[in-house]
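Asker: Dumping the structure here so I can ask a few things about it.
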Amino acid sequence: MSQPLKGKVALVAGASRGAGRGIAVELGAAGATVYVTGRTTREQRSEYDRPETVEDTADLVTEAGGHGIAVPTDHLEPDRVRALVDRIAGEQGRLDVLVNDVWGGEKLFGWDVPIWEHDLDKGLRLLRLAVETHAITSHHALPLLLRHPGGLVVEMTDGTADYNRDHYRNSFFYDLAKASVLRMAFSLGHELGPRGATALALTPGWLRSEMMLDAFEVREDNWRDALTRVPHFAISETPRYAGRAVAALAADPDVARFNGASLSSGGLAQEYGFTDLDGSRPDAWRYLAEVQDAGKPADTTGYR
């Protein structure tokens, strides 16, 4: 198996589950050493109270062919993030890929709840988890990433810049968080580009994360059973699809052409030729705009 990232070092911040886990595993499959962080460990859970842990993710990275290293970290605590980066510097002497995937806000926003009715503490907590964590991590990690030319920073968000510009995303706090991450990638692109590194934003499509599967009361092996209730879920994708997008970007010697850009897993599948685990290439954001939002019946023909 080709391992184009052998010898490379990655940090996936927020890798306990979901897209972060999928990205970590695919970076491992490409041969990278991957530090995976999060707040849920085998000894302690975050407020999500989910069973997935950073140790489990690290084991999956190693099983995929890389070297997974779990470092429990709360990215709202600058001292812990500094210690994490110091550890990577001491053990590896380099950092080639930083994936800012910390989120933690699923239980903190209300759908279509205006700001004056929204729980303020939850809204502000969401912004801290979704935005402040990324800033803290970049502040401490980027000097290490810049030691060697060609570094890549991936800011994970929900929605492309084009889609989010024209669509209200669930609530004031959710919308602001996702827009902020998109802007972070743009700003980092301006700061990193002249210094030999690349920053970009990446969104998965409709993600079949562990939490989403549980919400629809299905598993990965029978996820299509949910289509009777939510037909447009047919365009959904696994977390590994976004992982393959990040691995392809990290292995691309010309990745700088995407500096500051907003990208999607579906769009990059067309660019690089990778597929999801089932061999398909779902293009969720084009589907959402042209089919779901247009009020058409669910039909993924031409979209996966």
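Just so we're on the same page: first chain in the structure tokens is A, next is B, and so on; residues restart at 1 for each chain, and ligands are numbered from 1 in the order they show up.
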Residues near Ala298 in chain A, anyone? I mean within 9 Å using only C-alpha atoms, not counting same-chain ones fewer than 5 positions away, as a list of chain:residue names.

Answerer: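 Close residues of Ala298 in chain A: A:Pro231, A:His232, A:Phe233, A:Ala234, A:Ile235, A:Val291, A:Gln292.
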
Asker: For all heavy atoms, I'd like the residues from the last selection saved as a CSV table (one decimal), in the first residue's frame.

Answerer:
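Done, and the output landed in again-v1.csv:
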```csv
chain,number,residue,atom,x,y,z
A,231,PRO,N,-35.3,11.2,3.5
A,231,PRO,CA,-34.9,10.7,2.2
A,231,PRO,C,-33.6,11.4,1.7
A,231,PRO,O,-32.8,10.7,1.1
A,231,PRO,CB,-36.1,11.0,1.3
A,231,PRO,CG,-37.2,11.1,2.2
A,231,PRO,CD,-36.8,11.6,3.5
A,232,HIS,N,-33.4,12.6,2.0
A,232,HIS,CA,-32.2,13.3,1.6
A,232,HIS,C,-30.9,12.8,2.2
A,232,HIS,O,-29.8,13.2,1.8
A,232,HIS,CB,-32.3,14.8,1.7
A,232,HIS,CG,-33.3,15.5,0.8
A,232,HIS,ND1,-33.2,15.4,-0.6
A,232,HIS,CD2,-34.5,16.1,1.0
A,232,HIS,CE1,-34.2,16.0,-1.2
A,232,HIS,NE2,-35.0,16.5,-0.2
A,233,PHE,N,-31.1,12.1,3.3
A,233,PHE,CA,-29.9,11.5,4.0
A,233,PHE,C,-29.1,10.5,3.0
A,233,PHE,O,-28.0,10.1,3.3
A,233,PHE,CB,-30.3,10.7,5.2
A,233,PHE,CG,-29.2,10.3,6.2
A,233,PHE,CD1,-28.3,11.2,6.6
A,233,PHE,CD2,-29.1,9.0,6.6
A,233,PHE,CE1,-27.3,10.9,7.5
A,233,PHE,CE2,-28.1,8.6,7.5
A,233,PHE,CZ,-27.2,9.5,8.0
A,234,ALA,N,-29.7,10.2,1.9
A,234,ALA,CA,-29.1,9.4,0.9
A,234,ALA,C,-27.8,10.0,0.4
A,234,ALA,O,-26.9,9.3,-0.2
A,234,ALA,CB,-30.0,9.2,-0.3
A,235,ILE,N,-27.6,11.3,0.5
A,235,ILE,CA,-26.4,11.9,0.0
A,235,ILE,C,-25.3,11.9,1.1
A,235,ILE,O,-24.1,12.3,0.9
A,235,ILE,CB,-26.6,13.4,-0.4
A,235,ILE,CG1,-25.5,13.9,-1.3
A,235,ILE,CG2,-26.8,14.3,0.9
A,235,ILE,CD1,-25.3,13.2,-2.5
A,291,VAL,N,-30.9,20.2,-5.1
A,291,VAL,CA,-32.0,19.2,-4.9
A,291,VAL,C,-32.8,19.5,-3.6
A,291,VAL,O,-33.9,19.9,-3.7
A,291,VAL,CB,-31.4,17.8,-4.9
A,291,VAL,CG1,-32.6,16.8,-4.7
A,291,VAL,CG2,-30.7,17.5,-6.2
A,292,GLN,N,-32.1,19.4,-2.5
A,292,GLN,CA,-32.9,19.5,-1.2
A,292,GLN,C,-33.4,21.0,-1.1
A,292,GLN,O,-34.6,21.1,-0.8
A,292,GLN,CB,-32.0,19.2,0.0
A,292,GLN,CG,-32.7,19.4,1.3
A,292,GLN,CD,-31.8,18.9,2.5
A,292,GLN,OE1,-31.5,17.8,2.6
A,292,GLN,NE2,-31.4,19.9,3.3
```

Asker: Out of range 71-229 of chain A, which residues get strand (DSSP E) from DSSP, as a PyMOL selection string?

Answerer: chain A and resi 71-72+97-100+152-156+198-203

Asker: What's around range 151-154 of chain A at 9 Å? Count only C-alpha atoms, leave out sequence neighbours fewer than 4 positions away in its own chain, and write the answer as a ChimeraX atom specification.

Answerer: /A:95-101,138,142,145-147,185,188-189,192,196-202,246,249-250,255-256

Asker: Taking N, CA, C and O atoms for each residue, export the selection above as a compact mmCIF listing (two decimals), in the first residue's frame.

Answerer:
```txt
# COMPACT_ATOMS: atom_id res chain seq x y z
N LEU A 95 6.21 19.39 12.69
CA LEU A 95 4.77 19.22 12.54
C LEU A 95 4.44 19.62 11.12
O LEU A 95 4.69 20.75 10.70
N ASP A 96 3.89 18.68 10.36
CA ASP A 96 3.62 18.91 8.94
C ASP A 96 2.16 19.24 8.65
O ASP A 96 1.88 19.94 7.68
N VAL A 97 1.26 18.70 9.46
CA VAL A 97 -0.17 18.90 9.22
C VAL A 97 -0.85 19.22 10.55
O VAL A 97 -0.70 18.48 11.53
N LEU A 98 -1.60 20.31 10.57
CA LEU A 98 -2.45 20.64 11.72
C LEU A 98 -3.89 20.65 11.25
O LEU A 98 -4.23 21.39 10.31
N VAL A 99 -4.72 19.85 11.88
CA VAL A 99 -6.15 19.84 11.58
C VAL A 99 -6.89 20.38 12.81
O VAL A 99 -6.89 19.75 13.87
N ASN A 100 -7.47 21.55 12.66
CA ASN A 100 -8.26 22.15 13.74
C ASN A 100 -9.70 21.69 13.59
O ASN A 100 -10.48 22.26 12.83
N ASP A 101 -10.06 20.64 14.33
CA ASP A 101 -11.40 20.06 14.22
C ASP A 101 -12.18 20.15 15.53
O ASP A 101 -13.24 19.56 15.65
N SER A 138 -3.72 27.14 17.02
CA SER A 138 -2.88 27.71 15.98
C SER A 138 -1.76 28.56 16.57
O SER A 138 -0.61 28.52 16.10
N LEU A 142 1.66 26.68 15.29
CA LEU A 142 2.17 27.13 14.00
C LEU A 142 3.67 27.42 13.98
O LEU A 142 4.32 27.19 12.94
N LEU A 145 5.04 24.13 13.06
CA LEU A 145 4.70 23.77 11.68
C LEU A 145 5.57 24.54 10.69
O LEU A 145 5.93 24.01 9.63
N LEU A 146 5.93 25.75 11.02
CA LEU A 146 6.71 26.59 10.11
C LEU A 146 8.20 26.27 10.11
O LEU A 146 8.96 26.86 9.32
N ARG A 147 8.63 25.35 10.93
CA ARG A 147 10.05 24.99 10.94
C ARG A 147 10.48 24.36 9.61
O ARG A 147 11.65 24.46 9.22
N ALA A 185 -9.46 30.35 8.22
CA ALA A 185 -8.66 29.75 7.16
C ALA A 185 -8.18 30.82 6.19
O ALA A 185 -7.02 30.80 5.74
N LEU A 188 -5.46 32.87 8.06
CA LEU A 188 -4.23 32.09 8.21
C LEU A 188 -3.52 31.93 6.87
O LEU A 188 -2.30 31.88 6.81
N GLY A 189 -4.31 31.84 5.80
CA GLY A 189 -3.70 31.75 4.48
C GLY A 189 -2.83 32.95 4.19
O GLY A 189 -1.74 32.82 3.61
N LEU A 192 0.31 32.52 6.56
CA LEU A 192 1.17 31.37 6.32
C LEU A 192 1.73 31.31 4.90
O LEU A 192 2.85 30.85 4.69
N GLY A 196 5.63 29.91 3.43
CA GLY A 196 5.84 28.58 2.89
C GLY A 196 4.87 27.52 3.35
O GLY A 196 5.11 26.33 3.15
N ALA A 197 3.77 27.92 3.96
CA ALA A 197 2.77 26.96 4.40
C ALA A 197 1.40 27.31 3.81
O ALA A 197 1.22 28.40 3.23
N THR A 198 0.45 26.41 3.95
CA THR A 198 -0.88 26.57 3.36
C THR A 198 -1.95 26.39 4.43
O THR A 198 -1.85 25.48 5.27
N ALA A 199 -2.95 27.24 4.39
CA ALA A 199 -4.12 27.09 5.26
C ALA A 199 -5.37 27.09 4.41
O ALA A 199 -5.47 27.85 3.43
N LEU A 200 -6.33 26.26 4.76
CA LEU A 200 -7.58 26.18 4.01
C LEU A 200 -8.69 25.70 4.92
O LEU A 200 -8.44 25.16 6.00
N ALA A 201 -9.92 25.91 4.49
CA ALA A 201 -11.08 25.41 5.21
C ALA A 201 -11.65 24.21 4.46
O ALA A 201 -11.67 24.19 3.23
N LEU A 202 -12.10 23.22 5.22
CA LEU A 202 -12.68 22.03 4.63
C LEU A 202 -13.98 21.67 5.34
O LEU A 202 -14.04 21.68 6.58
N VAL A 246 -8.31 15.13 3.35
CA VAL A 246 -7.16 15.73 4.04
C VAL A 246 -5.87 15.00 3.66
O VAL A 246 -4.84 15.64 3.42
N LEU A 249 -4.80 16.17 0.26
CA LEU A 249 -4.23 17.52 0.33
C LEU A 249 -2.81 17.48 0.90
O LEU A 249 -1.90 18.15 0.39
N ALA A 250 -2.64 16.71 1.96
CA ALA A 250 -1.34 16.66 2.63
C ALA A 250 -0.26 16.05 1.75
O ALA A 250 0.93 16.36 1.91
N VAL A 255 -0.27 21.82 -3.11
CA VAL A 255 -1.43 22.16 -2.28
C VAL A 255 -1.55 23.67 -2.06
O VAL A 255 -2.64 24.19 -1.79
N ALA A 256 -0.47 24.40 -2.23
CA ALA A 256 -0.49 25.85 -2.01
C ALA A 256 -1.48 26.55 -2.93
O ALA A 256 -1.88 27.69 -2.65
```

Asker: Could you pull out all residues of range 37-168 of chain A with a DSSP call of helix (DSSP H, G or I) and give them as an NGL selection string?

Answerer: :A and (54-64 or 78-92 or 120-145 or 161-166)

Asker: Pull C-alpha atoms from the residues just selected and write them as a PDB file, in the first residue's frame.

Answerer:
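The resulting file, part_2.pdb, is shown below:
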```pdb
ATOM      1  CA  VAL A  54      -8.883   9.514  21.915  1.00  0.00           C
ATOM      2  CA  GLU A  55      -7.135   6.262  22.808  1.00  0.00           C
ATOM      3  CA  ASP A  56      -9.520   4.343  20.549  1.00  0.00           C
ATOM      4  CA  THR A  57      -8.771   6.763  17.720  1.00  0.00           C
ATOM      5  CA  ALA A  58      -5.020   6.373  18.190  1.00  0.00           C
ATOM      6  CA  ASP A  59      -5.399   2.580  18.030  1.00  0.00           C
ATOM      7  CA  LEU A  60      -7.354   2.904  14.772  1.00  0.00           C
ATOM      8  CA  VAL A  61      -4.611   5.118  13.316  1.00  0.00           C
ATOM      9  CA  THR A  62      -1.995   2.488  14.114  1.00  0.00           C
ATOM     10  CA  GLU A  63      -4.172  -0.321  12.755  1.00  0.00           C
ATOM     11  CA  ALA A  64      -4.540   1.640   9.515  1.00  0.00           C
ATOM     12  CA  PRO A  78      -3.481  27.322  26.653  1.00  0.00           C
ATOM     13  CA  ASP A  79      -0.987  25.696  29.016  1.00  0.00           C
ATOM     14  CA  ARG A  80      -2.131  22.222  28.034  1.00  0.00           C
ATOM     15  CA  VAL A  81      -1.971  23.079  24.335  1.00  0.00           C
ATOM     16  CA  ARG A  82       1.517  24.512  24.823  1.00  0.00           C
ATOM     17  CA  ALA A  83       2.574  21.300  26.566  1.00  0.00           C
ATOM     18  CA  LEU A  84       1.100  19.242  23.729  1.00  0.00           C
ATOM     19  CA  VAL A  85       3.095  21.151  21.114  1.00  0.00           C
ATOM     20  CA  ASP A  86       6.248  20.981  23.229  1.00  0.00           C
ATOM     21  CA  ARG A  87       5.811  17.220  23.391  1.00  0.00           C
ATOM     22  CA  ILE A  88       5.445  16.932  19.604  1.00  0.00           C
ATOM     23  CA  ALA A  89       8.511  19.127  19.126  1.00  0.00           C
ATOM     24  CA  GLY A  90      10.527  17.043  21.568  1.00  0.00           C
ATOM     25  CA  GLU A  91       9.471  13.691  20.159  1.00  0.00           C
ATOM     26  CA  GLN A  92       9.319  14.483  16.448  1.00  0.00           C
ATOM     27  CA  LEU A 120     -26.761  32.809  26.430  1.00  0.00           C
ATOM     28  CA  ASP A 121     -24.365  30.703  28.464  1.00  0.00           C
ATOM     29  CA  LYS A 122     -24.690  27.823  26.012  1.00  0.00           C
ATOM     30  CA  GLY A 123     -24.246  30.119  23.036  1.00  0.00           C
ATOM     31  CA  LEU A 124     -21.101  31.687  24.439  1.00  0.00           C
ATOM     32  CA  ARG A 125     -19.757  28.268  25.423  1.00  0.00           C
ATOM     33  CA  LEU A 126     -20.319  27.117  21.836  1.00  0.00           C
ATOM     34  CA  LEU A 127     -18.289  30.043  20.511  1.00  0.00           C
ATOM     35  CA  ARG A 128     -15.467  29.325  22.939  1.00  0.00           C
ATOM     36  CA  LEU A 129     -15.341  25.659  21.956  1.00  0.00           C
ATOM     37  CA  ALA A 130     -15.676  26.239  18.222  1.00  0.00           C
ATOM     38  CA  VAL A 131     -13.580  29.373  17.741  1.00  0.00           C
ATOM     39  CA  GLU A 132     -11.329  30.072  20.713  1.00  0.00           C
ATOM     40  CA  THR A 133      -9.929  26.522  20.715  1.00  0.00           C
ATOM     41  CA  HIS A 134      -8.820  26.892  17.096  1.00  0.00           C
ATOM     42  CA  ALA A 135      -7.091  30.201  17.820  1.00  0.00           C
ATOM     43  CA  ILE A 136      -5.289  28.827  20.872  1.00  0.00           C
ATOM     44  CA  THR A 137      -4.121  25.759  18.971  1.00  0.00           C
ATOM     45  CA  SER A 138      -2.881  27.714  15.975  1.00  0.00           C
ATOM     46  CA  HIS A 139      -1.079  30.201  18.229  1.00  0.00           C
ATOM     47  CA  HIS A 140       0.969  27.460  19.860  1.00  0.00           C
ATOM     48  CA  ALA A 141       1.335  24.970  16.992  1.00  0.00           C
ATOM     49  CA  LEU A 142       2.169  27.134  13.998  1.00  0.00           C
ATOM     50  CA  PRO A 143       5.750  28.034  14.986  1.00  0.00           C
ATOM     51  CA  LEU A 144       6.523  24.300  14.973  1.00  0.00           C
ATOM     52  CA  LEU A 145       4.701  23.774  11.684  1.00  0.00           C
ATOM     53  CA  ALA A 161     -18.072  29.816   2.061  1.00  0.00           C
ATOM     54  CA  ASP A 162     -20.412  30.079  -0.934  1.00  0.00           C
ATOM     55  CA  TYR A 163     -23.187  28.062   0.705  1.00  0.00           C
ATOM     56  CA  ASN A 164     -22.940  29.716   4.119  1.00  0.00           C
ATOM     57  CA  ARG A 165     -22.889  33.197   2.594  1.00  0.00           C
ATOM     58  CA  ASP A 166     -26.442  32.722   1.338  1.00  0.00           C
TER      59      ASP A 166
END
```

Asker: So that I can see what lies close to Ala269 in chain A, please list as a PyMOL selection string the residues with an atom at most 7 Å from it, counting only C-alpha atoms and leaving out residues fewer than 6 positions away in the same chain.

Answerer: chain A and resi 245+275+281

Asker: Go through A:Trp103, A:Tyr168, A:Ala247, A:Phe216 one by one, measure the shortest atom-to-atom distance of each to Lys6 in chain A using only C-alpha atoms, and give the residue with the smallest value.

Answerer: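 Nearest candidate to Lys6 in chain A out of A:Trp103, A:Tyr168, A:Ala247, A:Phe216: A:Ala247.
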
Asker: Can you work out which one of A:Arg229, A:His148, A:Arg17, A:His190 has the shortest atom-to-atom distance to Arg94 in chain A, counting only C-alpha atoms?

Answerer: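 Counting only C-alpha atoms, the residue closest to Arg94 in chain A is A:His148.
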
Asker: So how far away is CA of Ala32 in chain A from CA of Leu5 in chain A, in Å?

Answerer: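 Those two atoms sit 5.0 Å apart.
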
Asker: Could you pull the residues within 12 Å of Gln44 in chain A, counting only C-alpha atoms, minus those fewer than 3 positions along the same chain, as an mmCIF file with all heavy atoms, in the first residue's frame?

Answerer:
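Full text of around_11.cif as output:
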```cif
data_model
loop_
_atom_site.group_PDB
_atom_site.id
_atom_site.type_symbol
_atom_site.label_atom_id
_atom_site.label_comp_id
_atom_site.auth_asym_id
_atom_site.auth_seq_id
_atom_site.Cartn_x
_atom_site.Cartn_y
_atom_site.Cartn_z
ATOM 1 N N GLY A 38 -8.367 15.250 22.365
ATOM 2 C CA GLY A 38 -9.775 15.413 22.698
ATOM 3 C C GLY A 38 -9.936 15.333 24.196
ATOM 4 O O GLY A 38 -8.962 15.103 24.932
ATOM 5 N N ARG A 39 -11.162 15.486 24.644
ATOM 6 C CA ARG A 39 -11.413 15.507 26.086
ATOM 7 C C ARG A 39 -11.991 14.194 26.605
ATOM 8 O O ARG A 39 -12.123 14.026 27.810
ATOM 9 C CB ARG A 39 -12.365 16.658 26.418
ATOM 10 C CG ARG A 39 -11.765 18.037 26.197
ATOM 11 C CD ARG A 39 -12.788 19.129 26.444
ATOM 12 N NE ARG A 39 -13.892 19.037 25.499
ATOM 13 C CZ ARG A 39 -15.133 19.439 25.745
ATOM 14 N NH1 ARG A 39 -15.429 19.946 26.927
ATOM 15 N NH2 ARG A 39 -16.056 19.333 24.815
ATOM 16 N N THR A 40 -12.359 13.290 25.701
ATOM 17 C CA THR A 40 -12.930 12.020 26.139
ATOM 18 C C THR A 40 -11.863 10.942 26.102
ATOM 19 O O THR A 40 -11.306 10.644 25.039
ATOM 20 C CB THR A 40 -14.112 11.605 25.255
ATOM 21 O OG1 THR A 40 -15.131 12.609 25.333
ATOM 22 C CG2 THR A 40 -14.697 10.281 25.727
ATOM 23 N N THR A 41 -11.584 10.367 27.264
ATOM 24 C CA THR A 41 -10.581 9.325 27.385
ATOM 25 C C THR A 41 -11.224 8.078 27.974
ATOM 26 O O THR A 41 -12.416 8.065 28.307
ATOM 27 C CB THR A 41 -9.436 9.775 28.304
ATOM 28 O OG1 THR A 41 -9.916 9.821 29.662
ATOM 29 C CG2 THR A 41 -8.931 11.162 27.907
ATOM 30 N N GLU A 47 -18.577 16.486 28.380
ATOM 31 C CA GLU A 47 -20.010 16.676 28.615
ATOM 32 C C GLU A 47 -20.870 16.016 27.544
ATOM 33 O O GLU A 47 -22.082 15.853 27.722
ATOM 34 C CB GLU A 47 -20.353 18.159 28.736
ATOM 35 C CG GLU A 47 -20.097 18.977 27.492
ATOM 36 C CD GLU A 47 -18.766 19.695 27.528
ATOM 37 O OE1 GLU A 47 -17.792 19.130 28.075
ATOM 38 O OE2 GLU A 47 -18.691 20.825 27.009
ATOM 39 N N TYR A 48 -20.272 15.637 26.405
ATOM 40 C CA TYR A 48 -21.020 14.874 25.403
ATOM 41 C C TYR A 48 -21.499 13.545 25.977
ATOM 42 O O TYR A 48 -22.512 13.001 25.567
ATOM 43 C CB TYR A 48 -20.116 14.575 24.201
ATOM 44 C CG TYR A 48 -20.206 15.546 23.061
ATOM 45 C CD1 TYR A 48 -20.877 16.762 23.170
ATOM 46 C CD2 TYR A 48 -19.594 15.254 21.848
ATOM 47 C CE1 TYR A 48 -20.936 17.642 22.117
ATOM 48 C CE2 TYR A 48 -19.638 16.136 20.776
ATOM 49 C CZ TYR A 48 -20.316 17.325 20.918
ATOM 50 O OH TYR A 48 -20.374 18.189 19.870
ATOM 51 N N ASP A 49 -20.708 12.999 26.907
ATOM 52 C CA ASP A 49 -20.992 11.701 27.518
ATOM 53 C C ASP A 49 -21.097 10.607 26.453
ATOM 54 O O ASP A 49 -21.990 9.766 26.479
ATOM 55 C CB ASP A 49 -22.271 11.756 28.362
ATOM 56 C CG ASP A 49 -22.375 10.554 29.319
ATOM 57 O OD1 ASP A 49 -21.326 10.029 29.710
ATOM 58 O OD2 ASP A 49 -23.514 10.169 29.648
ATOM 59 N N ARG A 50 -20.153 10.646 25.508
ATOM 60 C CA ARG A 50 -20.087 9.642 24.442
ATOM 61 C C ARG A 50 -19.012 8.605 24.773
ATOM 62 O O ARG A 50 -18.060 8.900 25.485
ATOM 63 C CB ARG A 50 -19.746 10.317 23.108
ATOM 64 C CG ARG A 50 -20.789 11.275 22.573
ATOM 65 C CD ARG A 50 -21.949 10.566 21.966
ATOM 66 N NE ARG A 50 -21.529 9.561 20.988
ATOM 67 C CZ ARG A 50 -22.387 8.785 20.335
ATOM 68 N NH1 ARG A 50 -23.686 8.886 20.550
ATOM 69 N NH2 ARG A 50 -21.943 7.887 19.472
ATOM 70 N N PRO A 51 -19.122 7.390 24.229
ATOM 71 C CA PRO A 51 -18.145 6.343 24.555
ATOM 72 C C PRO A 51 -16.848 6.413 23.756
ATOM 73 O O PRO A 51 -15.855 5.800 24.152
ATOM 74 C CB PRO A 51 -18.903 5.051 24.215
ATOM 75 C CG PRO A 51 -19.857 5.447 23.124
ATOM 76 C CD PRO A 51 -20.278 6.846 23.476
ATOM 77 N N GLU A 52 -16.822 7.139 22.627
ATOM 78 C CA GLU A 52 -15.619 7.169 21.803
ATOM 79 C C GLU A 52 -14.503 7.920 22.533
ATOM 80 O O GLU A 52 -14.753 8.949 23.163
ATOM 81 C CB GLU A 52 -15.892 7.844 20.454
ATOM 82 C CG GLU A 52 -17.012 7.214 19.643
ATOM 83 C CD GLU A 52 -18.394 7.742 20.006
ATOM 84 O OE1 GLU A 52 -18.477 8.792 20.679
ATOM 85 O OE2 GLU A 52 -19.381 7.099 19.619
ATOM 86 N N THR A 53 -13.264 7.435 22.419
ATOM 87 C CA THR A 53 -12.150 8.039 23.143
ATOM 88 C C THR A 53 -10.981 8.347 22.218
ATOM 89 O O THR A 53 -10.865 7.792 21.122
ATOM 90 C CB THR A 53 -11.634 7.104 24.255
ATOM 91 O OG1 THR A 53 -10.957 5.985 23.646
ATOM 92 C CG2 THR A 53 -12.773 6.604 25.131
ATOM 93 N N VAL A 54 -10.081 9.213 22.694
ATOM 94 C CA VAL A 54 -8.883 9.514 21.915
ATOM 95 C C VAL A 54 -7.978 8.295 21.830
ATOM 96 O O VAL A 54 -7.293 8.096 20.818
ATOM 97 C CB VAL A 54 -8.122 10.728 22.492
ATOM 98 C CG1 VAL A 54 -8.904 12.003 22.263
ATOM 99 C CG2 VAL A 54 -7.800 10.545 23.965
ATOM 100 N N GLU A 55 -7.953 7.474 22.862
ATOM 101 C CA GLU A 55 -7.135 6.262 22.808
ATOM 102 C C GLU A 55 -7.630 5.313 21.727
ATOM 103 O O GLU A 55 -6.830 4.702 21.002
ATOM 104 C CB GLU A 55 -7.135 5.557 24.168
ATOM 105 C CG GLU A 55 -6.460 6.320 25.288
ATOM 106 C CD GLU A 55 -7.429 7.182 26.083
ATOM 107 O OE1 GLU A 55 -8.554 7.424 25.591
ATOM 108 O OE2 GLU A 55 -7.079 7.600 27.194
ATOM 109 N N PRO A 72 -4.681 13.305 25.636
ATOM 110 C CA PRO A 72 -5.885 13.990 26.125
ATOM 111 C C PRO A 72 -5.595 15.474 26.355
ATOM 112 O O PRO A 72 -4.656 15.834 27.067
ATOM 113 C CB PRO A 72 -6.181 13.268 27.441
ATOM 114 C CG PRO A 72 -5.568 11.904 27.268
ATOM 115 C CD PRO A 72 -4.318 12.144 26.460
ATOM 116 N N THR A 73 -6.410 16.321 25.724
ATOM 117 C CA THR A 73 -6.138 17.760 25.776
ATOM 118 C C THR A 73 -7.440 18.543 25.698
ATOM 119 O O THR A 73 -8.274 18.279 24.835
ATOM 120 C CB THR A 73 -5.247 18.204 24.590
ATOM 121 O OG1 THR A 73 -4.062 17.409 24.557
ATOM 122 C CG2 THR A 73 -4.870 19.677 24.710
#
```
